[in-house]
Amino acid sequence: MLRKKIIAGNWKMNKTATETKVLVPEIKDRLGKFDQAEVVICPPFTALQAAQEALGAHSDIALGAQNLHQAAGGAYTGEISAAMLRDLFCRFVILGHSERRQYCAETDALVNEKARVALKASLRPIICVGETLAEREAGHMAQVVTRQTQGSCAGFAEDDWNNVVIAYEPVWAIGTGKTATPAQAQEVHALIRATVSGFAGKTVADKLRIQYGGSVKPDNAQELLNQPDIDGALVGGASLDAASFVAIIKNACA
Ligand code: PEP
């Protein structure tokens, strides 16, 4: 099954709107015309408009957000709705990142609710799953990743799955410089695909794109992305530098 690779940059709480006006044109220039992979950048909410303006109309680079609130609107001080993101031309939204699971107590049920809201609003969710070091060392990796995948992706209609991306991000590899080996990552990606096949069917699972995230760099991108079940990368730190982000994209497709 040929699945188009998808490389997304998660800027986290980095880059002001002013800095975004510098970084986005640099990414665009270095990338040039590129259709070998889908490329997504996910700046913070406050920089989405600046990023959109810098990308311009009909850009090959898509815009994504890092979270949304599950309600359509109302008295939720400080929150952002799916419609607000669509209005800023977002096409993707990262959901259930381990930092949100850890610091904002996001559960699989909440991630699932947000994902359904995103899909209804024509936003494509990038749903993050991944075990902590303690869970891996205790031998619970498979149980945790299976539970997160089933819980976060429950009840999607078959058509919705065309717009879903799952990111496997072992928590112990995020921002630590410790990358999962290609074999370790492949093992979990295959497990996620088999899990999805189990509850959503083989056709859905075969088409599903599963990204790896966790200290992806230009020098490890190619080997990771050459694994049969790794269909892309969710890149944190290295996406804040145009040269390294573009090198990851190009190496991932080499
Ligand atoms: C992330 O936060 O999604 C991530 C993968 O971060 P890093 O690439 O910095 O490990």
# chains A, B, ... in the order shown; residues from 1 in each chain; ligands from 1
$ residues_around --residues "Ala50 (chain A)" --least-positions-apart "4" --cutoff "9 Å" --atoms "only C-alpha atoms" --output "list in words"
Ala17, Thr18, Thr20, Lys21, Val24, Thr46, Ala54 and Leu55 of chain A
$ write_last_selection --atoms "all heavy atoms" --output "compact mmCIF listing (two decimals), in the first residue's frame"
# COMPACT_ATOMS: atom_id res chain seq x y z
N ALA A 17 4.60 35.83 16.52
CA ALA A 17 4.12 36.12 15.16
C ALA A 17 5.24 36.79 14.36
O ALA A 17 5.44 36.50 13.17
CB ALA A 17 2.87 36.99 15.22
N THR A 18 5.97 37.68 15.01
CA THR A 18 7.07 38.39 14.32
C THR A 18 8.15 37.40 13.86
O THR A 18 8.63 37.46 12.72
CB THR A 18 7.68 39.45 15.29
OG1 THR A 18 6.62 40.25 15.78
CG2 THR A 18 8.72 40.30 14.60
N THR A 20 7.70 34.28 13.30
CA THR A 20 7.07 33.41 12.29
C THR A 20 7.20 34.01 10.89
O THR A 20 7.40 33.28 9.91
CB THR A 20 5.59 33.19 12.67
OG1 THR A 20 5.56 32.52 13.93
CG2 THR A 20 4.83 32.38 11.64
N LYS A 21 7.12 35.34 10.83
CA LYS A 21 7.22 36.02 9.52
C LYS A 21 8.62 35.84 8.91
O LYS A 21 8.82 36.08 7.73
CB LYS A 21 6.91 37.51 9.68
CG LYS A 21 5.43 37.77 9.95
CD LYS A 21 5.15 39.24 10.16
CE LYS A 21 3.79 39.44 10.79
NZ LYS A 21 3.60 40.75 11.40
N VAL A 24 8.84 31.20 8.35
CA VAL A 24 8.04 30.54 7.30
C VAL A 24 8.61 30.80 5.91
O VAL A 24 8.77 29.85 5.12
CB VAL A 24 6.54 30.91 7.42
CG1 VAL A 24 5.75 30.39 6.22
CG2 VAL A 24 5.96 30.34 8.71
N THR A 46 -1.21 32.03 18.38
CA THR A 46 -0.97 33.46 18.14
C THR A 46 -0.18 33.72 16.86
O THR A 46 -0.11 34.87 16.41
CB THR A 46 -0.19 34.06 19.33
OG1 THR A 46 0.92 33.20 19.60
CG2 THR A 46 -1.07 34.20 20.56
N ALA A 54 2.27 34.32 5.46
CA ALA A 54 3.59 34.06 4.88
C ALA A 54 3.54 32.88 3.90
O ALA A 54 4.28 32.86 2.91
CB ALA A 54 4.60 33.78 6.00
N LEU A 55 2.68 31.90 4.17
CA LEU A 55 2.56 30.77 3.24
C LEU A 55 1.90 31.20 1.95
O LEU A 55 2.28 30.76 0.86
CB LEU A 55 1.74 29.63 3.88
CG LEU A 55 2.41 28.84 5.00
CD1 LEU A 55 1.42 27.87 5.63
CD2 LEU A 55 3.63 28.08 4.47
$ residues_around --residues "region 121-137 of chain A" --least-positions-apart "2" --cutoff "8 Å" --atoms "only C-alpha atoms" --output "PDB file with N, CA, C and O atoms, in the first residue's frame"
ATOM      1  N   ALA A  82     -12.813  24.694  16.977  1.00  0.00           N
ATOM      2  CA  ALA A  82     -12.484  24.173  15.640  1.00  0.00           C
ATOM      3  C   ALA A  82     -12.822  25.206  14.562  1.00  0.00           C
ATOM      4  O   ALA A  82     -12.055  25.400  13.610  1.00  0.00           O
ATOM      5  N   ALA A  83     -13.969  25.875  14.706  1.00  0.00           N
ATOM      6  CA  ALA A  83     -14.374  26.863  13.692  1.00  0.00           C
ATOM      7  C   ALA A  83     -13.355  28.014  13.625  1.00  0.00           C
ATOM      8  O   ALA A  83     -13.072  28.542  12.543  1.00  0.00           O
ATOM      9  N   ARG A  86     -10.463  26.733  11.588  1.00  0.00           N
ATOM     10  CA  ARG A  86     -10.814  26.662  10.163  1.00  0.00           C
ATOM     11  C   ARG A  86     -10.785  28.059   9.540  1.00  0.00           C
ATOM     12  O   ARG A  86     -10.346  28.244   8.416  1.00  0.00           O
ATOM     13  N   CYS A  90      -6.540  26.608   8.983  1.00  0.00           N
ATOM     14  CA  CYS A  90      -5.885  25.385   9.466  1.00  0.00           C
ATOM     15  C   CYS A  90      -6.529  24.175   8.799  1.00  0.00           C
ATOM     16  O   CYS A  90      -7.748  24.117   8.641  1.00  0.00           O
ATOM     17  N   ARG A  91      -5.691  23.212   8.451  1.00  0.00           N
ATOM     18  CA  ARG A  91      -6.218  21.962   7.879  1.00  0.00           C
ATOM     19  C   ARG A  91      -5.969  20.776   8.805  1.00  0.00           C
ATOM     20  O   ARG A  91      -6.560  19.725   8.647  1.00  0.00           O
ATOM     21  N   PHE A  92      -5.040  20.937   9.741  1.00  0.00           N
ATOM     22  CA  PHE A  92      -4.693  19.854  10.669  1.00  0.00           C
ATOM     23  C   PHE A  92      -4.763  20.365  12.104  1.00  0.00           C
ATOM     24  O   PHE A  92      -4.692  21.570  12.340  1.00  0.00           O
ATOM     25  N   VAL A  93      -4.878  19.444  13.038  1.00  0.00           N
ATOM     26  CA  VAL A  93      -4.750  19.814  14.448  1.00  0.00           C
ATOM     27  C   VAL A  93      -4.111  18.637  15.198  1.00  0.00           C
ATOM     28  O   VAL A  93      -4.528  17.487  15.036  1.00  0.00           O
ATOM     29  N   ILE A  94      -3.068  18.940  15.950  1.00  0.00           N
ATOM     30  CA  ILE A  94      -2.431  17.910  16.786  1.00  0.00           C
ATOM     31  C   ILE A  94      -3.314  17.715  18.019  1.00  0.00           C
ATOM     32  O   ILE A  94      -3.717  18.696  18.654  1.00  0.00           O
ATOM     33  N   LEU A  95      -3.612  16.477  18.348  1.00  0.00           N
ATOM     34  CA  LEU A  95      -4.436  16.202  19.539  1.00  0.00           C
ATOM     35  C   LEU A  95      -3.774  15.125  20.398  1.00  0.00           C
ATOM     36  O   LEU A  95      -3.152  14.194  19.882  1.00  0.00           O
ATOM     37  N   GLY A  96      -3.918  15.290  21.713  1.00  0.00           N
ATOM     38  CA  GLY A  96      -3.424  14.271  22.642  1.00  0.00           C
ATOM     39  C   GLY A  96      -1.914  14.179  22.715  1.00  0.00           C
ATOM     40  O   GLY A  96      -1.361  13.117  23.046  1.00  0.00           O
ATOM     41  N   HIS A  97      -1.238  15.299  22.421  1.00  0.00           N
ATOM     42  CA  HIS A  97       0.226  15.286  22.582  1.00  0.00           C
ATOM     43  C   HIS A  97       0.546  14.919  24.029  1.00  0.00           C
ATOM     44  O   HIS A  97      -0.184  15.286  24.950  1.00  0.00           O
ATOM     45  N   SER A  98       1.645  14.217  24.244  1.00  0.00           N
ATOM     46  CA  SER A  98       1.956  13.746  25.607  1.00  0.00           C
ATOM     47  C   SER A  98       2.099  14.905  26.591  1.00  0.00           C
ATOM     48  O   SER A  98       1.823  14.748  27.786  1.00  0.00           O
ATOM     49  N   VAL A 111      -9.475  13.203  24.233  1.00  0.00           N
ATOM     50  CA  VAL A 111      -8.808  13.266  22.918  1.00  0.00           C
ATOM     51  C   VAL A 111      -9.769  12.763  21.835  1.00  0.00           C
ATOM     52  O   VAL A 111      -9.882  13.348  20.753  1.00  0.00           O
ATOM     53  N   ALA A 115     -11.165  14.828  18.717  1.00  0.00           N
ATOM     54  CA  ALA A 115     -10.917  14.323  17.355  1.00  0.00           C
ATOM     55  C   ALA A 115     -12.208  14.292  16.552  1.00  0.00           C
ATOM     56  O   ALA A 115     -12.237  14.649  15.374  1.00  0.00           O
ATOM     57  N   VAL A 117     -14.788  16.213  17.014  1.00  0.00           N
ATOM     58  CA  VAL A 117     -15.124  17.617  16.727  1.00  0.00           C
ATOM     59  C   VAL A 117     -14.280  18.109  15.550  1.00  0.00           C
ATOM     60  O   VAL A 117     -14.777  18.773  14.630  1.00  0.00           O
ATOM     61  N   ALA A 118     -13.007  17.780  15.568  1.00  0.00           N
ATOM     62  CA  ALA A 118     -12.107  18.199  14.481  1.00  0.00           C
ATOM     63  C   ALA A 118     -12.602  17.640  13.145  1.00  0.00           C
ATOM     64  O   ALA A 118     -12.743  18.373  12.159  1.00  0.00           O
ATOM     65  N   LEU A 119     -12.898  16.345  13.121  1.00  0.00           N
ATOM     66  CA  LEU A 119     -13.311  15.695  11.869  1.00  0.00           C
ATOM     67  C   LEU A 119     -14.597  16.317  11.333  1.00  0.00           C
ATOM     68  O   LEU A 119     -14.738  16.548  10.131  1.00  0.00           O
ATOM     69  N   GLY A 139       7.417  -3.118  31.007  1.00  0.00           N
ATOM     70  CA  GLY A 139       6.883  -4.090  30.051  1.00  0.00           C
ATOM     71  C   GLY A 139       5.453  -3.790  29.620  1.00  0.00           C
ATOM     72  O   GLY A 139       4.750  -4.677  29.125  1.00  0.00           O
ATOM     73  N   HIS A 140       5.025  -2.519  29.800  1.00  0.00           N
ATOM     74  CA  HIS A 140       3.629  -2.178  29.508  1.00  0.00           C
ATOM     75  C   HIS A 140       3.436  -1.400  28.211  1.00  0.00           C
ATOM     76  O   HIS A 140       2.361  -0.861  27.974  1.00  0.00           O
ATOM     77  N   MET A 141       4.500  -1.300  27.404  1.00  0.00           N
ATOM     78  CA  MET A 141       4.396  -0.477  26.177  1.00  0.00           C
ATOM     79  C   MET A 141       3.180  -0.871  25.337  1.00  0.00           C
ATOM     80  O   MET A 141       2.355  -0.036  24.965  1.00  0.00           O
ATOM     81  N   VAL A 144      -0.223   0.042  26.861  1.00  0.00           N
ATOM     82  CA  VAL A 144      -0.490   1.491  26.890  1.00  0.00           C
ATOM     83  C   VAL A 144      -0.823   2.000  25.493  1.00  0.00           C
ATOM     84  O   VAL A 144      -1.812   2.720  25.293  1.00  0.00           O
ATOM     85  N   VAL A 145      -0.010   1.628  24.519  1.00  0.00           N
ATOM     86  CA  VAL A 145      -0.209   2.137  23.157  1.00  0.00           C
ATOM     87  C   VAL A 145      -1.525   1.606  22.580  1.00  0.00           C
ATOM     88  O   VAL A 145      -2.268   2.335  21.918  1.00  0.00           O
ATOM     89  N   GLN A 148      -4.386   3.555  24.321  1.00  0.00           N
ATOM     90  CA  GLN A 148      -4.488   4.939  23.830  1.00  0.00           C
ATOM     91  C   GLN A 148      -5.051   4.969  22.412  1.00  0.00           C
ATOM     92  O   GLN A 148      -5.858   5.830  22.077  1.00  0.00           O
ATOM     93  N   THR A 149      -4.611   4.033  21.577  1.00  0.00           N
ATOM     94  CA  THR A 149      -5.084   4.004  20.186  1.00  0.00           C
ATOM     95  C   THR A 149      -6.582   3.694  20.149  1.00  0.00           C
ATOM     96  O   THR A 149      -7.355   4.391  19.479  1.00  0.00           O
ATOM     97  N   SER A 152      -8.549   6.757  21.951  1.00  0.00           N
ATOM     98  CA  SER A 152      -8.505   8.062  21.281  1.00  0.00           C
ATOM     99  C   SER A 152      -9.178   8.012  19.914  1.00  0.00           C
ATOM    100  O   SER A 152      -9.587   9.050  19.390  1.00  0.00           O
ATOM    101  N   ASN A 163      -9.002  10.917   6.925  1.00  0.00           N
ATOM    102  CA  ASN A 163      -8.466  12.212   7.370  1.00  0.00           C
ATOM    103  C   ASN A 163      -7.737  12.130   8.702  1.00  0.00           C
ATOM    104  O   ASN A 163      -7.413  13.157   9.297  1.00  0.00           O
ATOM    105  N   VAL A 164      -7.505  10.925   9.168  1.00  0.00           N
ATOM    106  CA  VAL A 164      -6.850  10.752  10.472  1.00  0.00           C
ATOM    107  C   VAL A 164      -5.381  10.368  10.274  1.00  0.00           C
ATOM    108  O   VAL A 164      -5.047   9.570   9.396  1.00  0.00           O
ATOM    109  N   VAL A 165      -4.532  10.976  11.087  1.00  0.00           N
ATOM    110  CA  VAL A 165      -3.120  10.580  11.158  1.00  0.00           C
ATOM    111  C   VAL A 165      -2.851  10.220  12.615  1.00  0.00           C
ATOM    112  O   VAL A 165      -3.337  10.911  13.519  1.00  0.00           O
ATOM    113  N   ILE A 166      -2.132   9.142  12.854  1.00  0.00           N
ATOM    114  CA  ILE A 166      -1.702   8.824  14.222  1.00  0.00           C
ATOM    115  C   ILE A 166      -0.199   9.089  14.309  1.00  0.00           C
ATOM    116  O   ILE A 166       0.537   8.811  13.354  1.00  0.00           O
ATOM    117  N   ALA A 167       0.224   9.681  15.414  1.00  0.00           N
ATOM    118  CA  ALA A 167       1.663   9.881  15.639  1.00  0.00           C
ATOM    119  C   ALA A 167       2.080   9.031  16.828  1.00  0.00           C
ATOM    120  O   ALA A 167       1.531   9.197  17.929  1.00  0.00           O
ATOM    121  N   TYR A 168       3.037   8.128  16.596  1.00  0.00           N
ATOM    122  CA  TYR A 168       3.608   7.384  17.725  1.00  0.00           C
ATOM    123  C   TYR A 168       4.774   8.198  18.261  1.00  0.00           C
ATOM    124  O   TYR A 168       5.771   8.412  17.560  1.00  0.00           O
ATOM    125  N   GLU A 169       4.613   8.665  19.485  1.00  0.00           N
ATOM    126  CA  GLU A 169       5.658   9.475  20.108  1.00  0.00           C
ATOM    127  C   GLU A 169       5.990   8.893  21.479  1.00  0.00           C
ATOM    128  O   GLU A 169       5.307   9.194  22.468  1.00  0.00           O
ATOM    129  N   PRO A 170       7.026   8.048  21.550  1.00  0.00           N
ATOM    130  CA  PRO A 170       7.422   7.553  22.867  1.00  0.00           C
ATOM    131  C   PRO A 170       7.845   8.738  23.732  1.00  0.00           C
ATOM    132  O   PRO A 170       8.690   9.543  23.321  1.00  0.00           O
ATOM    133  N   VAL A 171       7.242   8.859  24.895  1.00  0.00           N
ATOM    134  CA  VAL A 171       7.464  10.065  25.716  1.00  0.00           C
ATOM    135  C   VAL A 171       8.942  10.215  26.068  1.00  0.00           C
ATOM    136  O   VAL A 171       9.473  11.326  26.120  1.00  0.00           O
ATOM    137  N   TRP A 172       9.616   9.080  26.220  1.00  0.00           N
ATOM    138  CA  TRP A 172      11.033   9.109  26.605  1.00  0.00           C
ATOM    139  C   TRP A 172      11.928   9.622  25.479  1.00  0.00           C
ATOM    140  O   TRP A 172      13.121   9.891  25.694  1.00  0.00           O
TER     141      TRP A 172
END
$ residues_near_ligand --ligand "ligand 1" --cutoff "7 Å" --atoms "only C-alpha atoms and all ligand atoms" --output "list in words"
Asn10, Lys12, His97, Glu169, Ala173, Ile174, Gly175, Thr176, Gly177, Gly213, Gly214, Ser215, Val216, Leu234, Val235, Gly236, Gly237 and Ala238 of chain A
$ closest_residue --among "A:Gln70, A:Asn251, A:Ile230, A:Leu240" --to "Lys15 (chain A)" --atoms "only C-alpha atoms"
A:Leu240
$ closest_residue --among "A:Asn220, A:Val22, A:Met13, A:Met1" --to "Asp241 (chain A)" --atoms "only C-alpha atoms"
A:Val22
$ select_by_dssp --residues "region 112-202 of chain A" --states "strand (DSSP E)" --output "PyMOL selection string"
chain A and resi 124-129+165-168
$ write_last_selection --atoms "N, CA, C and O atoms" --output "PDB file, in the first residue's frame"
ATOM      1  N   ARG A 124      -8.101  17.848  10.064  1.00  0.00           N
ATOM      2  CA  ARG A 124      -7.556  16.484  10.110  1.00  0.00           C
ATOM      3  C   ARG A 124      -6.730  16.308  11.395  1.00  0.00           C
ATOM      4  O   ARG A 124      -5.697  16.957  11.550  1.00  0.00           O
ATOM      5  N   PRO A 125      -7.192  15.444  12.294  1.00  0.00           N
ATOM      6  CA  PRO A 125      -6.458  15.282  13.550  1.00  0.00           C
ATOM      7  C   PRO A 125      -5.184  14.453  13.398  1.00  0.00           C
ATOM      8  O   PRO A 125      -5.178  13.439  12.696  1.00  0.00           O
ATOM      9  N   ILE A 126      -4.139  14.914  14.037  1.00  0.00           N
ATOM     10  CA  ILE A 126      -2.910  14.119  14.206  1.00  0.00           C
ATOM     11  C   ILE A 126      -2.948  13.670  15.666  1.00  0.00           C
ATOM     12  O   ILE A 126      -2.735  14.473  16.575  1.00  0.00           O
ATOM     13  N   ILE A 127      -3.296  12.410  15.877  1.00  0.00           N
ATOM     14  CA  ILE A 127      -3.575  11.919  17.229  1.00  0.00           C
ATOM     15  C   ILE A 127      -2.327  11.236  17.790  1.00  0.00           C
ATOM     16  O   ILE A 127      -1.823  10.267  17.214  1.00  0.00           O
ATOM     17  N   CYS A 128      -1.833  11.780  18.905  1.00  0.00           N
ATOM     18  CA  CYS A 128      -0.562  11.283  19.452  1.00  0.00           C
ATOM     19  C   CYS A 128      -0.796  10.199  20.502  1.00  0.00           C
ATOM     20  O   CYS A 128      -1.676  10.331  21.361  1.00  0.00           O
ATOM     21  N   VAL A 129       0.005   9.163  20.418  1.00  0.00           N
ATOM     22  CA  VAL A 129       0.015   8.107  21.431  1.00  0.00           C
ATOM     23  C   VAL A 129       1.479   7.777  21.740  1.00  0.00           C
ATOM     24  O   VAL A 129       2.363   8.072  20.936  1.00  0.00           O
ATOM     25  N   VAL A 165      -4.532  10.976  11.087  1.00  0.00           N
ATOM     26  CA  VAL A 165      -3.120  10.580  11.158  1.00  0.00           C
ATOM     27  C   VAL A 165      -2.851  10.220  12.615  1.00  0.00           C
ATOM     28  O   VAL A 165      -3.337  10.911  13.519  1.00  0.00           O
ATOM     29  N   ILE A 166      -2.132   9.142  12.854  1.00  0.00           N
ATOM     30  CA  ILE A 166      -1.702   8.824  14.222  1.00  0.00           C
ATOM     31  C   ILE A 166      -0.199   9.089  14.309  1.00  0.00           C
ATOM     32  O   ILE A 166       0.537   8.811  13.354  1.00  0.00           O
ATOM     33  N   ALA A 167       0.224   9.681  15.414  1.00  0.00           N
ATOM     34  CA  ALA A 167       1.663   9.881  15.639  1.00  0.00           C
ATOM     35  C   ALA A 167       2.080   9.031  16.828  1.00  0.00           C
ATOM     36  O   ALA A 167       1.531   9.197  17.929  1.00  0.00           O
ATOM     37  N   TYR A 168       3.037   8.128  16.596  1.00  0.00           N
ATOM     38  CA  TYR A 168       3.608   7.384  17.725  1.00  0.00           C
ATOM     39  C   TYR A 168       4.774   8.198  18.261  1.00  0.00           C
ATOM     40  O   TYR A 168       5.771   8.412  17.560  1.00  0.00           O
TER      41      TYR A 168
END
$ closest_residue --among "A:Glu79, A:Asp206, A:Glu53, A:Asp229" --to "Ala185 (chain A)" --atoms "only C-alpha atoms"
A:Asp229
$ select_by_dssp --residues "region 29-241 of chain A" --states "alpha helix (DSSP H)" --output "ChimeraX atom specification"
/A:29-31,48-55,82-87,98-103,108-120,133-137,141-152,182-200,202-207,218-225
$ write_last_selection --atoms "C-alpha atoms" --output "PDB file, in the first residue's frame"
ATOM      1  CA  ASP A  29      12.511  28.998   0.118  1.00  0.00           C
ATOM      2  CA  ARG A  30      14.570  26.023   1.231  1.00  0.00           C
ATOM      3  CA  LEU A  31      11.836  23.521   0.395  1.00  0.00           C
ATOM      4  CA  LEU A  48      -1.287  31.068  12.878  1.00  0.00           C
ATOM      5  CA  GLN A  49      -2.380  34.160  11.009  1.00  0.00           C
ATOM      6  CA  ALA A  50       1.205  35.302  10.407  1.00  0.00           C
ATOM      7  CA  ALA A  51       2.083  31.812   9.194  1.00  0.00           C
ATOM      8  CA  GLN A  52      -0.909  31.704   6.869  1.00  0.00           C
ATOM      9  CA  GLU A  53      -0.026  35.088   5.371  1.00  0.00           C
ATOM     10  CA  ALA A  54       3.593  34.056   4.885  1.00  0.00           C
ATOM     11  CA  LEU A  55       2.563  30.765   3.239  1.00  0.00           C
ATOM     12  CA  ALA A  82     -12.484  24.173  15.640  1.00  0.00           C
ATOM     13  CA  ALA A  83     -14.374  26.863  13.692  1.00  0.00           C
ATOM     14  CA  MET A  84     -11.802  29.483  14.778  1.00  0.00           C
ATOM     15  CA  LEU A  85      -9.011  27.274  13.445  1.00  0.00           C
ATOM     16  CA  ARG A  86     -10.814  26.662  10.163  1.00  0.00           C
ATOM     17  CA  ASP A  87     -11.310  30.398   9.815  1.00  0.00           C
ATOM     18  CA  SER A  98       1.956  13.746  25.607  1.00  0.00           C
ATOM     19  CA  GLU A  99       2.636  17.224  27.003  1.00  0.00           C
ATOM     20  CA  ARG A 100      -1.109  17.897  27.030  1.00  0.00           C
ATOM     21  CA  ARG A 101      -1.816  14.453  28.475  1.00  0.00           C
ATOM     22  CA  GLN A 102       0.769  15.174  31.199  1.00  0.00           C
ATOM     23  CA  TYR A 103       0.253  18.886  32.010  1.00  0.00           C
ATOM     24  CA  ASP A 108      -8.152   9.208  25.813  1.00  0.00           C
ATOM     25  CA  ALA A 109     -11.882  10.004  26.104  1.00  0.00           C
ATOM     26  CA  LEU A 110     -11.228  13.746  25.808  1.00  0.00           C
ATOM     27  CA  VAL A 111      -8.808  13.266  22.918  1.00  0.00           C
ATOM     28  CA  ASN A 112     -11.480  11.156  21.204  1.00  0.00           C
ATOM     29  CA  GLU A 113     -14.115  13.864  21.751  1.00  0.00           C
ATOM     30  CA  LYS A 114     -11.779  16.523  20.345  1.00  0.00           C
ATOM     31  CA  ALA A 115     -10.917  14.323  17.355  1.00  0.00           C
ATOM     32  CA  ARG A 116     -14.596  13.852  16.483  1.00  0.00           C
ATOM     33  CA  VAL A 117     -15.124  17.617  16.727  1.00  0.00           C
ATOM     34  CA  ALA A 118     -12.107  18.199  14.481  1.00  0.00           C
ATOM     35  CA  LEU A 119     -13.311  15.695  11.869  1.00  0.00           C
ATOM     36  CA  LYS A 120     -16.787  17.240  11.831  1.00  0.00           C
ATOM     37  CA  LEU A 133       9.962   5.297  29.998  1.00  0.00           C
ATOM     38  CA  ALA A 134       8.548   3.796  33.208  1.00  0.00           C
ATOM     39  CA  GLU A 135       5.764   2.111  31.242  1.00  0.00           C
ATOM     40  CA  ARG A 136       8.252   0.706  28.705  1.00  0.00           C
ATOM     41  CA  GLU A 137      10.612  -0.517  31.410  1.00  0.00           C
ATOM     42  CA  MET A 141       4.396  -0.477  26.177  1.00  0.00           C
ATOM     43  CA  ALA A 142       1.996  -2.605  24.124  1.00  0.00           C
ATOM     44  CA  GLN A 143      -0.818  -2.318  26.636  1.00  0.00           C
ATOM     45  CA  VAL A 144      -0.490   1.491  26.890  1.00  0.00           C
ATOM     46  CA  VAL A 145      -0.209   2.137  23.157  1.00  0.00           C
ATOM     47  CA  THR A 146      -3.113  -0.226  22.393  1.00  0.00           C
ATOM     48  CA  ARG A 147      -5.317   1.402  25.029  1.00  0.00           C
ATOM     49  CA  GLN A 148      -4.488   4.939  23.830  1.00  0.00           C
ATOM     50  CA  THR A 149      -5.084   4.004  20.186  1.00  0.00           C
ATOM     51  CA  GLN A 150      -8.419   2.308  20.887  1.00  0.00           C
ATOM     52  CA  GLY A 151      -9.591   5.028  23.271  1.00  0.00           C
ATOM     53  CA  SER A 152      -8.505   8.062  21.281  1.00  0.00           C
ATOM     54  CA  PRO A 182      14.152   2.159  13.652  1.00  0.00           C
ATOM     55  CA  ALA A 183      13.394  -1.401  14.818  1.00  0.00           C
ATOM     56  CA  GLN A 184      11.800  -0.220  18.079  1.00  0.00           C
ATOM     57  CA  ALA A 185       9.693   2.357  16.234  1.00  0.00           C
ATOM     58  CA  GLN A 186       8.701  -0.120  13.500  1.00  0.00           C
ATOM     59  CA  GLU A 187       7.548  -2.630  16.122  1.00  0.00           C
ATOM     60  CA  VAL A 188       5.164  -0.105  17.695  1.00  0.00           C
ATOM     61  CA  HIS A 189       3.932   1.258  14.353  1.00  0.00           C
ATOM     62  CA  ALA A 190       3.055  -2.291  13.291  1.00  0.00           C
ATOM     63  CA  LEU A 191       1.270  -2.775  16.613  1.00  0.00           C
ATOM     64  CA  ILE A 192      -0.759   0.432  16.113  1.00  0.00           C
ATOM     65  CA  ARG A 193      -1.707  -0.633  12.570  1.00  0.00           C
ATOM     66  CA  ALA A 194      -2.750  -4.084  13.803  1.00  0.00           C
ATOM     67  CA  THR A 195      -4.764  -2.496  16.618  1.00  0.00           C
ATOM     68  CA  VAL A 196      -6.606  -0.226  14.183  1.00  0.00           C
ATOM     69  CA  SER A 197      -7.151  -3.186  11.871  1.00  0.00           C
ATOM     70  CA  GLY A 198      -8.707  -5.028  14.813  1.00  0.00           C
ATOM     71  CA  PHE A 199     -11.412  -2.456  15.482  1.00  0.00           C
ATOM     72  CA  ALA A 200     -11.738  -0.461  12.234  1.00  0.00           C
ATOM     73  CA  LYS A 202      -7.859  -3.924   7.439  1.00  0.00           C
ATOM     74  CA  THR A 203      -8.782  -1.519   4.622  1.00  0.00           C
ATOM     75  CA  VAL A 204      -8.715   1.421   7.046  1.00  0.00           C
ATOM     76  CA  ALA A 205      -5.501   0.230   8.697  1.00  0.00           C
ATOM     77  CA  ASP A 206      -3.695  -0.285   5.383  1.00  0.00           C
ATOM     78  CA  LYS A 207      -4.430   3.314   4.332  1.00  0.00           C
ATOM     79  CA  PRO A 218      18.189  15.187   9.621  1.00  0.00           C
ATOM     80  CA  ASP A 219      20.596  12.316  10.265  1.00  0.00           C
ATOM     81  CA  ASN A 220      18.061   9.780  11.559  1.00  0.00           C
ATOM     82  CA  ALA A 221      15.021  10.683   9.440  1.00  0.00           C
ATOM     83  CA  GLN A 222      15.834   8.508   6.451  1.00  0.00           C
ATOM     84  CA  GLU A 223      16.423   5.294   8.394  1.00  0.00           C
ATOM     85  CA  LEU A 224      13.282   5.768  10.470  1.00  0.00           C
ATOM     86  CA  LEU A 225      11.108   6.662   7.493  1.00  0.00           C
TER      87      LEU A 225
END
